[in-house]
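Colleague: Input structure: model.txt, which contains compact mmCIF, C-alpha atoms.
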# COMPACT_ATOMS: atom_id res chain seq x y z
CA MET A 23 -38.30 -17.80 -2.22
CA ASN A 24 -40.07 -19.30 0.82
CA ARG A 25 -38.72 -19.04 4.36
CA ARG A 26 -37.28 -22.56 4.44
CA ALA A 27 -35.44 -22.08 1.15
CA PHE A 28 -34.11 -18.74 2.31
CA LEU A 29 -32.77 -20.22 5.55
CA GLN A 30 -31.17 -23.09 3.64
CA SER A 31 -29.41 -20.65 1.31
CA VAL A 32 -28.10 -18.68 4.29
CA ALA A 33 -26.81 -21.88 5.91
CA VAL A 34 -24.99 -22.91 2.72
CA ALA A 35 -23.44 -19.47 2.32
CA ALA A 36 -22.14 -19.62 5.88
CA THR A 37 -20.18 -22.78 5.05
CA LEU A 38 -18.48 -21.40 1.95
CA PRO A 39 -14.79 -20.47 2.18
CA ARG A 40 -14.19 -16.82 2.97
CA ALA A 41 -12.47 -16.36 -0.38
CA PHE A 42 -15.85 -16.64 -2.12
CA ALA A 43 -17.07 -13.62 -0.21
CA GLN A 44 -14.09 -11.53 -1.26
CA SER A 45 -14.01 -9.51 -4.43
CA ALA A 46 -11.79 -10.73 -7.24
CA PRO A 47 -8.45 -9.00 -7.90
CA THR A 48 -8.79 -5.83 -9.97
CA ALA A 49 -6.33 -3.88 -12.12
CA THR A 50 -5.88 -0.10 -12.27
CA LYS A 51 -3.56 1.66 -14.71
CA LEU A 52 -0.92 3.91 -13.17
CA THR A 53 0.95 4.63 -16.42
CA ASP A 54 0.83 3.26 -19.95
CA SER A 55 2.95 0.29 -18.83
CA LEU A 56 2.47 0.04 -15.05
CA THR A 57 -0.66 -1.45 -13.49
CA LEU A 58 -1.65 -1.77 -9.84
CA ILE A 59 -3.40 -5.05 -8.98
CA THR A 60 -5.36 -5.09 -5.72
CA GLY A 61 -7.39 -7.75 -3.92
CA ALA A 62 -4.88 -10.58 -4.34
CA GLY A 63 -3.47 -10.67 -0.82
CA ASN A 64 -1.51 -7.46 -1.13
CA ASN A 65 -0.78 -4.83 -3.75
CA ILE A 66 0.99 -6.04 -6.88
CA LEU A 67 2.73 -3.72 -9.34
CA SER A 68 2.85 -5.08 -12.87
CA LEU A 69 5.07 -3.79 -15.68
CA ALA A 70 3.66 -4.84 -19.05
CA GLY A 71 5.78 -6.20 -21.87
CA ASP A 72 6.76 -9.43 -23.57
CA GLY A 73 6.47 -11.19 -20.25
CA ALA A 74 5.32 -9.00 -17.36
CA LEU A 75 7.51 -8.00 -14.43
CA LEU A 76 5.72 -8.07 -11.07
CA VAL A 77 6.66 -6.50 -7.76
CA ASP A 78 5.20 -8.98 -5.28
CA CYS A 79 2.65 -11.49 -6.51
CA GLY A 80 -0.02 -11.87 -3.83
CA ASP A 81 -1.14 -14.97 -2.01
CA ALA A 82 -1.38 -18.50 -3.39
CA ALA A 83 -5.19 -18.47 -3.54
CA HIS A 84 -5.24 -15.72 -6.17
CA SER A 85 -2.35 -16.84 -8.39
CA ALA A 86 -4.56 -17.96 -11.29
CA GLU A 87 -6.50 -14.70 -11.23
CA VAL A 88 -3.28 -12.69 -11.19
CA LEU A 89 -2.01 -14.59 -14.21
CA ARG A 90 -5.24 -13.87 -16.05
CA LEU A 91 -4.77 -10.16 -15.42
CA THR A 92 -1.08 -10.02 -16.30
CA GLY A 93 -0.65 -12.65 -18.97
CA LYS A 94 2.77 -14.30 -19.17
CA VAL A 95 5.05 -13.29 -16.30
CA ALA A 96 8.81 -13.20 -16.87
CA THR A 97 10.01 -11.85 -13.51
CA VAL A 98 8.69 -11.55 -9.96
CA ILE A 99 10.46 -9.31 -7.44
CA ASN A 100 9.69 -10.07 -3.77
CA THR A 101 9.87 -7.07 -1.42
CA HIS A 102 9.99 -9.43 1.62
CA TRP A 103 9.16 -13.04 2.48
CA HIS A 104 5.61 -12.90 3.94
CA PRO A 105 3.17 -15.25 2.17
CA GLU A 106 0.58 -12.57 1.34
CA SER A 107 3.33 -11.06 -0.83
CA THR A 108 5.02 -14.23 -2.09
CA GLY A 109 2.34 -16.93 -1.92
CA ALA A 110 2.01 -17.06 -5.70
CA ASN A 111 5.76 -17.59 -6.17
CA ASP A 112 5.26 -21.33 -6.70
CA ALA A 113 2.66 -20.98 -9.45
CA LEU A 114 4.44 -18.16 -11.25
CA ALA A 115 7.83 -19.89 -11.14
CA GLN A 116 6.24 -23.03 -12.53
CA SER A 117 4.81 -20.94 -15.37
CA GLY A 118 8.32 -19.72 -16.23
CA ALA A 119 8.91 -16.60 -14.10
CA LYS A 120 12.28 -15.82 -12.54
CA LEU A 121 12.10 -14.91 -8.83
CA VAL A 122 14.24 -12.06 -7.45
CA SER A 123 14.75 -10.86 -3.85
CA SER A 124 17.27 -9.75 -1.29
CA VAL A 125 19.51 -12.49 0.10
CA ALA A 126 17.79 -12.27 3.49
CA THR A 127 14.33 -12.80 1.99
CA GLN A 128 15.49 -15.90 0.15
CA LEU A 129 17.08 -17.28 3.31
CA TRP A 130 13.89 -16.83 5.35
CA MET A 131 12.07 -19.00 2.83
CA THR A 132 14.41 -21.92 3.53
CA GLN A 133 13.23 -22.47 7.14
CA ASP A 134 10.19 -22.70 9.39
CA ILE A 135 9.32 -19.37 11.00
CA TYR A 136 7.34 -18.98 14.21
CA HIS A 137 5.47 -15.76 15.01
CA ASP A 138 4.64 -15.72 18.70
CA TRP A 139 2.15 -12.83 18.37
CA GLU A 140 0.15 -14.88 15.86
CA LYS A 141 0.77 -18.25 17.57
CA LYS A 142 1.55 -19.52 14.09
CA THR A 143 4.39 -21.30 12.30
CA TYR A 144 5.06 -20.56 8.64
CA PRO A 145 6.64 -23.62 7.00
CA LYS A 146 9.67 -23.33 4.79
CA ARG A 147 8.84 -22.79 1.16
CA ALA A 148 9.21 -25.26 -1.65
CA LYS A 149 12.43 -24.95 -3.65
CA THR A 150 10.45 -23.69 -6.65
CA ALA A 151 9.08 -20.79 -4.57
CA GLN A 152 12.52 -19.54 -3.50
CA PRO A 153 14.16 -16.71 -5.46
CA THR A 154 17.00 -17.73 -7.74
CA GLN A 155 18.44 -14.24 -8.26
CA THR A 156 19.40 -12.43 -5.05
CA PHE A 157 21.36 -9.34 -4.03
CA TYR A 158 22.78 -7.85 -0.83
CA GLU A 159 22.52 -4.07 -1.23
CA THR A 160 21.40 -2.94 -4.69
CA LEU A 161 20.45 -4.32 -8.07
CA LYS A 162 19.59 -2.58 -11.32
CA LEU A 163 17.58 -4.12 -14.14
CA THR A 164 16.26 -2.95 -17.48
CA ALA A 165 12.97 -4.59 -18.39
CA ASN A 166 10.32 -3.71 -20.95
CA GLY A 167 11.91 -0.32 -21.57
CA GLU A 168 12.04 0.65 -17.87
CA THR A 169 15.07 1.26 -15.67
CA ILE A 170 14.41 -0.52 -12.37
CA GLU A 171 16.49 0.10 -9.27
CA MET A 172 16.27 -2.08 -6.18
CA GLY A 173 17.79 -1.41 -2.79
CA LEU A 174 17.83 -2.95 0.66
CA LEU A 175 15.97 -1.01 3.36
CA PRO A 176 17.08 -0.91 7.03
CA MET A 177 14.86 -3.51 8.71
CA ALA A 178 11.57 -1.65 8.46
CA HIS A 179 9.31 -4.71 8.45
CA THR A 180 11.79 -7.59 8.16
CA ASP A 181 15.56 -7.65 7.64
CA GLY A 182 15.10 -8.35 3.93
CA ASP A 183 12.86 -5.42 2.92
CA ILE A 184 13.61 -3.74 -0.39
CA TYR A 185 12.27 -0.89 -2.48
CA VAL A 186 11.76 -1.22 -6.24
CA PHE A 187 12.01 2.09 -8.09
CA PHE A 188 10.77 2.48 -11.66
CA ARG A 189 12.85 5.55 -12.39
CA ASP A 190 11.42 6.46 -15.80
CA ALA A 191 7.84 6.29 -14.50
CA ASN A 192 8.77 7.81 -11.09
CA VAL A 193 6.87 5.02 -9.29
CA ILE A 194 8.34 3.19 -6.31
CA ALA A 195 7.08 0.02 -4.59
CA VAL A 196 8.07 -0.11 -0.92
CA GLY A 197 6.38 -3.22 0.47
CA ASP A 198 5.47 -2.90 4.15
CA ALA A 199 8.05 -0.21 4.87
CA ILE A 200 5.08 2.14 5.10
CA SER A 201 1.54 1.36 6.18
CA PRO A 202 -0.99 4.06 5.29
CA VAL A 203 -4.20 2.18 6.15
CA ARG A 204 -3.40 -0.46 8.76
CA ASP A 205 -1.25 -0.82 11.84
CA PRO A 206 2.44 -1.18 10.95
CA VAL A 207 3.65 -4.75 11.37
CA LEU A 208 7.07 -5.09 12.99
CA ASP A 209 8.22 -8.66 12.36
CA TRP A 210 10.75 -8.58 15.19
CA PHE A 211 11.56 -12.27 14.81
CA GLY A 212 12.51 -11.49 11.20
CA GLY A 213 14.64 -8.48 12.14
CA GLY A 214 12.07 -5.72 11.73
CA TRP A 215 12.01 -3.02 14.41
CA LEU A 216 10.93 0.55 15.02
CA GLY A 217 14.41 2.04 14.68
CA GLY A 218 14.87 0.28 11.35
CA ARG A 219 11.45 1.50 10.23
CA GLU A 220 12.42 5.09 11.00
CA ASP A 221 15.71 4.71 9.11
CA ALA A 222 13.98 3.08 6.13
CA GLN A 223 11.37 5.81 5.86
CA GLU A 224 14.07 8.47 6.11
CA LYS A 225 15.92 6.73 3.26
CA LEU A 226 12.77 6.66 1.13
CA LEU A 227 12.18 10.37 1.75
CA LYS A 228 15.60 11.05 0.26
CA LEU A 229 14.87 8.88 -2.78
CA VAL A 230 11.50 10.31 -3.83
CA ASP A 231 10.24 13.72 -4.89
CA ASP A 232 6.85 15.44 -4.73
CA LYS A 233 5.73 13.73 -7.96
CA THR A 234 6.74 10.18 -7.04
CA ARG A 235 3.91 7.69 -6.65
CA ILE A 236 4.59 5.35 -3.73
CA VAL A 237 3.00 1.87 -3.72
CA PRO A 238 2.73 0.17 -0.31
CA SER A 239 1.82 -3.46 0.30
CA TYR A 240 -1.65 -2.41 1.47
CA GLY A 241 -3.82 0.58 0.80
CA PRO A 242 -3.81 3.33 -1.80
CA VAL A 243 -0.92 4.75 -3.78
CA VAL A 244 0.43 7.72 -1.81
CA GLY A 245 2.85 10.59 -2.29
CA ARG A 246 5.79 12.10 -0.49
CA ALA A 247 3.57 14.11 1.85
CA GLU A 248 1.91 10.94 3.18
CA LEU A 249 5.31 9.28 3.57
CA GLN A 250 6.55 12.31 5.51
CA ALA A 251 3.48 12.18 7.78
CA GLU A 252 4.07 8.50 8.56
CA TYR A 253 7.77 9.11 9.17
CA ASP A 254 6.91 11.85 11.66
CA VAL A 255 4.71 9.40 13.62
CA THR A 256 7.36 6.68 13.46
CA ARG A 257 10.02 9.05 14.75
CA LYS A 258 7.82 10.26 17.59
CA LEU A 259 7.05 6.70 18.63
CA PHE A 260 10.74 5.76 18.51
CA ASP A 261 11.78 8.76 20.63
CA ARG A 262 9.10 7.97 23.20
CA MET A 263 9.78 4.28 23.28
CA ILE A 264 13.53 4.47 23.70
CA GLU A 265 13.04 6.45 26.91
CA LEU A 266 10.48 3.96 28.21
CA VAL A 267 12.74 1.03 27.33
CA ARG A 268 15.51 2.69 29.33
CA LYS A 269 13.11 2.70 32.29
CA GLY A 270 12.61 -1.05 31.90
CA MET A 271 8.90 -0.81 31.09
CA SER A 272 6.84 -3.59 29.52
CA ALA A 273 4.67 -2.99 26.45
CA LYS A 274 1.56 -2.66 28.64
CA GLU A 275 3.31 -0.21 30.94
CA MET A 276 4.39 1.85 27.93
CA LEU A 277 0.81 2.15 26.73
CA ASP A 278 -0.32 3.12 30.24
CA GLU A 279 2.43 5.74 30.29
CA GLY A 280 1.01 7.36 27.14
CA LEU A 281 3.12 5.85 24.35
CA MET A 282 0.43 6.57 21.75
CA LYS A 283 -1.08 9.70 23.28
CA ASP A 284 -1.96 12.56 20.89
CA LEU A 285 -0.70 10.85 17.74
CA PRO A 286 -2.23 11.99 14.42
CA ARG A 287 -3.20 8.41 13.62
CA THR A 288 -4.96 5.71 15.59
CA PHE A 289 -4.02 2.05 15.98
CA ARG A 290 -6.58 -0.75 15.81
CA ASP A 291 -4.51 -2.96 18.09
CA PRO A 292 -2.16 -0.75 20.13
CA TYR A 293 -0.98 -3.61 22.35
CA LYS A 294 0.07 -5.82 19.42
CA PHE A 295 2.07 -2.97 17.91
CA ALA A 296 3.65 -2.05 21.26
CA TYR A 297 4.46 -5.71 22.04
CA ASN A 298 6.26 -6.27 18.74
CA ALA A 299 8.01 -2.89 18.92
CA HIS A 300 9.15 -3.70 22.47
CA LYS A 301 10.51 -7.09 21.37
CA GLY A 302 12.34 -5.40 18.50
CA PHE A 303 13.98 -2.88 20.80
CA TRP A 304 15.44 -5.61 22.98
CA ALA A 305 16.65 -7.49 19.91
CA HIS A 306 18.57 -4.31 18.95
CA HIS A 307 19.51 -3.14 22.45
CA ASN A 308 23.21 -2.99 21.53
CA SER A 309 22.47 -0.12 19.13
CA LEU A 310 20.53 1.96 21.66
CA GLY A 311 23.41 3.29 23.73
CA PRO A 312 25.47 2.21 26.75
CA ASP A 313 22.65 2.77 29.26
CA VAL A 314 20.40 0.09 27.71
CA LEU A 315 21.56 -3.30 28.94
Now, as a test, write the supplied structure out as structure tokens.

Modeller:
Amino acid sequence: MNRRAFLQSVAVAATLPRAFAQSAPTATKLTDSLTLITGAGNNILSLAGDGALLVDCGDAAHSAEVLRLTGKVATVINTHWHPESTGANDALAQSGAKLVSSVATQLWMTQDIYHDWEKKTYPKRAKTAQPTQTFYETLKLTANGETIEMGLLPMAHTDGDIYVFFRDANVIAVGDAISPVRDPVLDWFGGGWLGGREDAQEKLLKLVDDKTRIVPSYGPVVGRAELQAEYDVTRKLFDRMIELVRKGMSAKEMLDEGLMKDLPRTFRDPYKFAYNAHKGFWAHHNSLGPDVL
């Protein structure tokens, strides 16, 4: 290839959508019937059978690729409302899948949602993308030979977060209640906050054992030890932050005061995390004690 042709090919590549540069979704077996699908927006857990059951379904851009990997889908369970987890709801519902979520998750999909830290508005979802089976606290299903237990988590990421526990396989999907490879996202506008995240992780620790495989929205499958390590960091951050909130400090002042000093994990964007955590604390100030007004 001559220099002009090479430069032309580089210029064309630069104009292609980013999706072309990303690898296609891939599937990895966890058990004989459970498969982890990655690269579709977020992690998807697929239970094989006469019509697959999915926990989360990825973003809209990868819906066709997900269907090629799973075949017919009978049920999709949404762990929360964010579009990287539910973007394929429309396509899968139109192909015949039933959508399941907590009541709160379904309600968030019925309205426009503004995230100030992203300077972005998420429009309400089409009726076809909204779950038709919802629950408040718990729900149990039997599908494709598996006992599946679902339960509401205490506002770890949003106020509609759930876990989905495949009891027979001892595999649990937890959405964004844990975050092993990226900064935790506290959607304070949607009810998520640091105190809720601590409570949710404590609840998960009581549910799982040392052999449970835990599937987060992003990153690798982890075990109880990794969940415990993240809970320890969450608890330390909560204990530090509640004292700084009582002093009336801003997010920037908290960081300057050493909010994240000597933690066993690093944050790529400490200010974003501290800002959202700070907002969440003030949204839940009535649960922090009489000296927080």

Colleague: Would you please work out which residue, of A:Pro238, A:Gly167, A:Pro47, A:Gly173, is nearest to Leu69 (chain A) when using all atoms listed in the file?

Modeller: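 Among the listed residues, the smallest separation from Leu69 (chain A) belongs to A:Gly167.
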
Colleague: Given the choices A:Asn192, A:Ser85, A:Gln116, A:Thr48, which gets closest to Thr234 (chain A) if the distance is worked out from all atoms listed in the file?

Modeller: A:Asn192

Colleague: Please indicate the distance in Å from CA of Glu171 (chain A) to CA of Thr50 (chain A), rounded to one decimal place.

Modeller: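 Separation between CA of Glu171 (chain A) and CA of Thr50 (chain A): 22.6 Å.
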
Colleague: Kindly indicate which residue among A:Ser68, A:Thr97, A:Ser107, A:Asn166 lies nearest to Lys51 (chain A), using all atoms listed in the file for the distances.

Modeller: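 Comparing A:Ser68, A:Thr97, A:Ser107, A:Asn166 against Lys51 (chain A), the winner is A:Ser68.
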
Colleague: Of the candidates A:His137, A:Lys142, A:Lys301, A:Arg257, which one gets nearest to Glu224 (chain A) if we count only C-alpha atoms?

Modeller: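 Residue with the minimum atom-to-atom distance to Glu224 (chain A): A:Arg257.
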
Colleague: How would you write as a ChimeraX atom specification the residues that get within 6 Å of (13.9, -2.2, 0.0) in the file's frame, counting all atoms listed in the file?

Modeller: /A:173-175,183-185

Colleague: State, in Å with one decimal place, the distance from CA of Trp103 (chain A) to CA of His306 (chain A).

Modeller: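 The value is 20.9 Å.
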
Colleague: I'd like the contact shell of Thr288 (chain A) - 10 Å cut-off, only C-alpha atoms, skipping same-chain residues fewer than 5 positions apart - returned as a PyMOL selection string.

Modeller: chain A and resi 204-205+282-283

Colleague: Interatomic distance between CA of Tyr158 (chain A) and CA of Arg189 (chain A)?

Modeller: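 Interatomic distance, CA of Tyr158 (chain A) to CA of Arg189 (chain A): 20.3 Å.
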